[in-house]
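Shown next, in C-alpha cells, is the structure this report addresses.
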Amino acid sequence: MIKIKDYEITINEEKSPLSCYNRLHEYKIGAKEITPEFCKDILSATDNSKVTREIIELIKQKTDKNLVEYAKYRPLLIGSILNRKEQKSVLEKMRDLIDVVNEKNSRLNTEDYLLTSLVYAGLKISLPTYLQNQDIDKRDIKNIESYLLEQKVYQEQTKILQEAQKKATEGKIFNLKQTNNTERGYLGHQNLEDYSKLEIDDIKILTIDNCQNIPQANNIDSSKLELLNIEQTDLDGLVLRLPESITDISFKDVTHFSKDIDFSNLQKLWRVLIEQSDLSDTENVFFPQGAEIGLFYIDGKTQLPQNFDLSPFANIVLLELNQDNIEKIKTFPEKVQTLSVRNYHAQQKVLDLSSIKKCEKIEFQNSWLSRLETIKFPQNVQEINFKDCKTMPEQLQLNIEGLKRVALSGETGRNAPLYELILPQDKNIELKIEEQNIKPKIYYGAKPLSPIQKMMSKIKNNFSR
C-alpha cells in the first residue's frame with residue numbers, strides 16, 4: 001500500500017530563493033546534468049515557485065531525451081507539490097510534463113496515479129481519461145482519494161478555526177489549570193457560552209465531562225497533551241484540531257460531532273475508545289495513514305457513520321467491535337493482529353473480512369450467526385474462536401491455508417447448532433469443541449459430493465463437451 005507521506009520533501013535548512021535559483025544556472029545551460037540527489041537538495045532548501053518550475057523544466061528536458069529516466073524523478077515531482085505552497089503556475093507546469101509522459105506510457109502505476117491526482121485536484125479539474133482502465137490497486141486509489149478529501153476538509157476546517165481565533169481575541173478566555181499539580185486537567189459541568197476561547201496549560205491528561213457550548217477556538221494544542229477523555233458532552237459540531245502528541249482518545253456518551261473528523265495528524269495514536277456515542281451524522285473520519293495502533297474499541301451502543309473506514313492504519317493490535325458495527329466498516333486495515341467481535345446479531349448473509357490481508361486471530365463472542373451463509377475470512381488467519389455464540393450457520397467453511405487452531409466453546413450452538421465444519425485438508429490443525437448440543441460433522445479440504453451431485457456434475461461435464 002502506498003504511503004503518501006513518505007513522498008514529502010521537508011525544508012531542512014531554508015535558503016534564499018535567489019541562491020537556489022543561481023545554483024541551477026550550470027544545469028540550465030547544459031554544462032552539468034541534474035541528478036535526483038541534486039533536485040532533492042534544492043527542494044529541501046526552498047519551495048519558491050520559480051525555483052520549483054525550473055526543476056520541473058530540467059526534469060522534462062532529461063525525460064525528453066530518455067523516457068526511462070522519468071521513473072527516477074517521479075517521487076521528487078510528487079514531493080515538490082505535496083504539502084508545500086500551492087502555486088497554480090507550478091501545477092500547470094507539472095501538468096504539461098505528466099500529460100506528455102503518461103500518454104506515452106501504456107501502463108501507469110500508483111505513483112503516476114498519485115502525482116496526476118495531486119496536480120488535477122490542485123487545478124480543480126477532472127482526472128484525465130488516460131488514468132482509466134489502469135491496473136492500479138483499488139486500495140491505493142481509495143487512499144489517494146481519501147487523502148485529497150482530507151486535504152480539502154483540512155483547508156475548510158482551518159478557515160473555521162481562524163475565524164474563531166479572530167473572535168476569541170475580543171472575548172473572555174477560560175483558562176484550564178492543572179489539577180493538584182498532577183498534569184491532569186478536569187473540566188466538568190460547565191456552560192462556556194460566555195467564553196470565546198478555552199486555553200490549556202501543561203496538561204497531559206484532559207477530561208471534559210458534561211460540558212456545554214465549548215468554544216470553537218478551543219485551542220486544544222498543548223504540546224504535552226497525551227490523553228483526551230470527553231464524556232456526556234454535546235459537541236454541537238465542534239471542529240477538533242488535536243495536537244500531534246495525543247496517544248489516547250476516549251469518547252463516552254458524546255453527541256453531535258463535526259461533519260468531518262480529522263485525526264490524520266495523530267501518528268502517535270495508540271488507543272481509541274468509543275462508547276455510547278453518536279457519529280451517525282458524521283460523513284468522514286480520517287485516521288493517520290500508515291500508523292500502528294494498539295487498541296481500537298467500539299461498543300455496541302455507538303452509532304457509527306456508514307462506510308466507516310479503518311484502512312489508513314497499517315496495523316491494529318486489537319480491534320474490538322460490538323453488535324452490528326462490524327457491518328458498517330467499509331474497509332479494514334491490511335493487518336489486524338486480533339479481531340474480537342462481541343454481541344453480533346448478523347443481519348446480512350455475507351460477512352466480508354477479506355480486506356484484512358494479515359490476521360493472527362479472530363474471535364466471535366456472545367453472537368448470533370445463523371443468518372450468515374458465508375464468512376469471508378482473511379487468507380492467512382491462524383486462529384478462529386467461537387465462544388458462547390447462541391446461533392451458528394449450518395455450515396462453516398474454514399478451509400484456510402495456514403489455519404492452526406479452531407475452537408467452539410461455552411454455549412456455542414445452543415439455539416441453532418453448527419452441523420458441518422470444513423477444515424484444511426492437511427488435518428494438521430488443533431480443533432477444540434466443547435459443550436456442544438450437536439457436534440458438527442468434520443470434513444477436511446471439502447465436503448464430498450452426494451450421489452445426486454456427482455450425477456449432475458457428470459451430466460454437466462458431458463453437456464459442456
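By convention in this document, the chains of the C-alpha cells carry letters A, B, ... by their order, each chain's residues are numbered from 1, and ligands are numbered from 1 in the order they are shown.
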Determine which residues of range 127-290 of chain A receive a DSSP assignment of alpha helix (DSSP H), computed from the backbone, and state them as a ChimeraX atom specification.
-> /A:138-168
What's the 10 Å shell around Lys439 in chain A, counting only C-alpha atoms, without same-chain residues fewer than 3 positions away, as a VMD selection string?
-> chain A and resid 408 413 417 to 421 433 to 436 442
Selection file, N, CA and C atoms, as an mmCIF file, in the first residue's frame:
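Dumped everything to result.cif:
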data_model
loop_
_atom_site.group_PDB
_atom_site.id
_atom_site.type_symbol
_atom_site.label_atom_id
_atom_site.label_comp_id
_atom_site.auth_asym_id
_atom_site.auth_seq_id
_atom_site.Cartn_x
_atom_site.Cartn_y
_atom_site.Cartn_z
ATOM 1 N N LEU A 408 -14.620 -24.080 19.453
ATOM 2 C CA LEU A 408 -16.023 -23.787 19.694
ATOM 3 C C LEU A 408 -16.277 -24.099 21.152
ATOM 4 N N GLY A 413 -23.779 -22.614 19.697
ATOM 5 C CA GLY A 413 -24.695 -23.525 19.014
ATOM 6 C C GLY A 413 -25.870 -23.980 19.845
ATOM 7 N N PRO A 417 -27.466 -25.025 16.148
ATOM 8 C CA PRO A 417 -26.124 -25.619 16.122
ATOM 9 C C PRO A 417 -25.456 -25.559 14.749
ATOM 10 N N LEU A 418 -24.179 -25.786 14.770
ATOM 11 C CA LEU A 418 -23.374 -25.944 13.555
ATOM 12 C C LEU A 418 -23.400 -27.424 13.180
ATOM 13 N N TYR A 419 -23.789 -27.728 11.941
ATOM 14 C CA TYR A 419 -23.903 -29.132 11.513
ATOM 15 C C TYR A 419 -22.674 -29.608 10.756
ATOM 16 N N GLU A 420 -22.050 -28.720 9.987
ATOM 17 C CA GLU A 420 -20.923 -29.139 9.152
ATOM 18 C C GLU A 420 -19.777 -28.139 9.272
ATOM 19 N N LEU A 421 -18.592 -28.662 9.515
ATOM 20 C CA LEU A 421 -17.398 -27.831 9.656
ATOM 21 C C LEU A 421 -16.343 -28.338 8.669
ATOM 22 N N ILE A 433 -13.618 -28.598 20.536
ATOM 23 C CA ILE A 433 -15.075 -28.445 20.555
ATOM 24 C C ILE A 433 -15.574 -28.908 21.914
ATOM 25 N N GLU A 434 -16.233 -28.012 22.653
ATOM 26 C CA GLU A 434 -16.710 -28.373 23.982
ATOM 27 C C GLU A 434 -18.164 -27.941 24.177
ATOM 28 N N GLU A 435 -18.877 -28.707 24.963
ATOM 29 C CA GLU A 435 -20.230 -28.368 25.406
ATOM 30 C C GLU A 435 -21.179 -28.060 24.248
ATOM 31 N N GLN A 436 -21.058 -28.835 23.174
ATOM 32 C CA GLN A 436 -21.952 -28.625 22.037
ATOM 33 C C GLN A 436 -23.178 -29.512 22.168
ATOM 34 N N ILE A 442 -17.189 -33.268 10.580
ATOM 35 C CA ILE A 442 -15.940 -32.609 10.197
ATOM 36 C C ILE A 442 -15.506 -33.106 8.818
#
Tell me, as a ChimeraX atom specification, which residues lie within 8 Å of Lys85 in chain A, counting only C-alpha atoms; anything in the same chain fewer than 4 positions away does not count.
-> /A:47-49,81
Would you mind exporting the chosen residues as a PDB file, in the first residue's frame, restricted to C-alpha atoms?
ATOM      1  CA  ASP A  47       9.543  25.875  -2.020  1.00  0.00           C
ATOM      2  CA  ASN A  48       9.769  29.009  -4.141  1.00  0.00           C
ATOM      3  CA  SER A  49       7.519  28.579  -7.179  1.00  0.00           C
ATOM      4  CA  ILE A  81       3.944  19.770  -4.607  1.00  0.00           C
TER       5      ILE A  81
END
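By chain and then residue number, the residues within 6 Å of Asp388 in chain A are Gln365, Asn366, Gly410, Glu411 and Thr412 of chain A, counting only C-alpha atoms and disregarding those fewer than 5 positions away in sequence.
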Keeping only N, CA and C atoms, take the residues you just selected and write them out as an mmCIF file, in the first residue's frame.
data_model
loop_
_atom_site.group_PDB
_atom_site.id
_atom_site.type_symbol
_atom_site.label_atom_id
_atom_site.label_comp_id
_atom_site.auth_asym_id
_atom_site.auth_seq_id
_atom_site.Cartn_x
_atom_site.Cartn_y
_atom_site.Cartn_z
ATOM 1 N N GLN A 365 -17.807 -13.656 20.096
ATOM 2 C CA GLN A 365 -18.303 -13.959 21.437
ATOM 3 C C GLN A 365 -19.745 -13.476 21.583
ATOM 4 N N ASN A 366 -20.563 -14.305 22.262
ATOM 5 C CA ASN A 366 -21.953 -13.928 22.563
ATOM 6 C C ASN A 366 -22.675 -13.384 21.323
ATOM 7 N N GLY A 410 -18.075 -22.940 25.305
ATOM 8 C CA GLY A 410 -19.195 -22.359 26.024
ATOM 9 C C GLY A 410 -20.516 -22.855 25.480
ATOM 10 N N GLU A 411 -21.453 -21.939 25.251
ATOM 11 C CA GLU A 411 -22.791 -22.305 24.795
ATOM 12 C C GLU A 411 -22.951 -22.131 23.287
ATOM 13 N N THR A 412 -21.852 -22.186 22.586
ATOM 14 C CA THR A 412 -21.916 -22.031 21.126
ATOM 15 C C THR A 412 -22.825 -23.086 20.497
#
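Near range 154-165 of chain A, within 9 Å and counting only C-alpha atoms, sit Leu149, Glu150, Gln151, Lys152, Lys167, Ala168, Thr169, Ser196, Lys197, Pro215, Gln216, Ala217, Asn218, Asn219, Val239, Arg241, Asp260 and Asp262 of chain A; same-chain residues fewer than 2 positions away were not included.
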Those same residues - N, CA and C atoms - I'd like them written as an mmCIF file, in the first residue's frame.
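This is the output file out-v7.cif:
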data_model
loop_
_atom_site.group_PDB
_atom_site.id
_atom_site.type_symbol
_atom_site.label_atom_id
_atom_site.label_comp_id
_atom_site.auth_asym_id
_atom_site.auth_seq_id
_atom_site.Cartn_x
_atom_site.Cartn_y
_atom_site.Cartn_z
ATOM 1 N N LEU A 149 -9.469 14.269 -0.224
ATOM 2 C CA LEU A 149 -10.631 14.746 0.525
ATOM 3 C C LEU A 149 -10.205 15.284 1.885
ATOM 4 N N GLU A 150 -9.278 14.589 2.507
ATOM 5 C CA GLU A 150 -8.748 15.014 3.809
ATOM 6 C C GLU A 150 -8.116 16.402 3.721
ATOM 7 N N GLN A 151 -7.361 16.659 2.649
ATOM 8 C CA GLN A 151 -6.737 17.967 2.469
ATOM 9 C C GLN A 151 -7.789 19.056 2.277
ATOM 10 N N LYS A 152 -8.837 18.723 1.540
ATOM 11 C CA LYS A 152 -9.925 19.682 1.330
ATOM 12 C C LYS A 152 -10.618 20.002 2.655
ATOM 13 N N LYS A 167 -12.295 36.005 16.568
ATOM 14 C CA LYS A 167 -13.337 36.403 17.507
ATOM 15 C C LYS A 167 -12.882 36.216 18.949
ATOM 16 N N ALA A 168 -12.030 35.222 19.175
ATOM 17 C CA ALA A 168 -11.593 34.924 20.539
ATOM 18 C C ALA A 168 -10.776 36.048 21.149
ATOM 19 N N THR A 169 -10.113 36.828 20.317
ATOM 20 C CA THR A 169 -9.286 37.926 20.838
ATOM 21 C C THR A 169 -10.141 39.022 21.467
ATOM 22 N N SER A 196 -15.121 32.765 24.723
ATOM 23 C CA SER A 196 -14.829 32.631 23.300
ATOM 24 C C SER A 196 -13.613 31.746 23.046
ATOM 25 N N LYS A 197 -12.940 31.329 24.122
ATOM 26 C CA LYS A 197 -11.728 30.532 23.948
ATOM 27 C C LYS A 197 -11.442 29.713 25.199
ATOM 28 N N PRO A 215 -16.246 26.503 23.294
ATOM 29 C CA PRO A 215 -15.946 27.447 22.205
ATOM 30 C C PRO A 215 -15.174 26.798 21.073
ATOM 31 N N GLN A 216 -15.439 27.268 19.830
ATOM 32 C CA GLN A 216 -14.756 26.697 18.672
ATOM 33 C C GLN A 216 -13.262 26.940 18.734
ATOM 34 N N ALA A 217 -12.846 28.097 19.228
ATOM 35 C CA ALA A 217 -11.411 28.350 19.387
ATOM 36 C C ALA A 217 -10.954 27.647 20.659
ATOM 37 N N ASN A 218 -11.092 26.298 20.647
ATOM 38 C CA ASN A 218 -10.858 25.546 21.883
ATOM 39 C C ASN A 218 -9.383 25.461 22.242
ATOM 40 N N ASN A 219 -8.538 25.668 21.230
ATOM 41 C CA ASN A 219 -7.100 25.762 21.483
ATOM 42 C C ASN A 219 -6.551 24.533 22.207
ATOM 43 N N VAL A 239 -15.266 21.599 15.713
ATOM 44 C CA VAL A 239 -14.119 21.068 14.975
ATOM 45 C C VAL A 239 -12.992 20.827 15.965
ATOM 46 N N ARG A 241 -9.280 20.069 16.480
ATOM 47 C CA ARG A 241 -7.932 20.020 15.896
ATOM 48 C C ARG A 241 -6.982 19.663 17.034
ATOM 49 N N ASP A 260 -17.009 16.414 9.536
ATOM 50 C CA ASP A 260 -15.769 15.712 9.202
ATOM 51 C C ASP A 260 -14.872 15.713 10.437
ATOM 52 N N ASP A 262 -11.113 14.918 11.717
ATOM 53 C CA ASP A 262 -9.777 14.748 11.154
ATOM 54 C C ASP A 262 -8.759 14.445 12.250
#
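Using only C-alpha atoms, the shortest contact distance between Gln379 in chain A and any of A:Thr302, A:Asn109, A:Asn399, A:Thr255 is found at A:Asn399.
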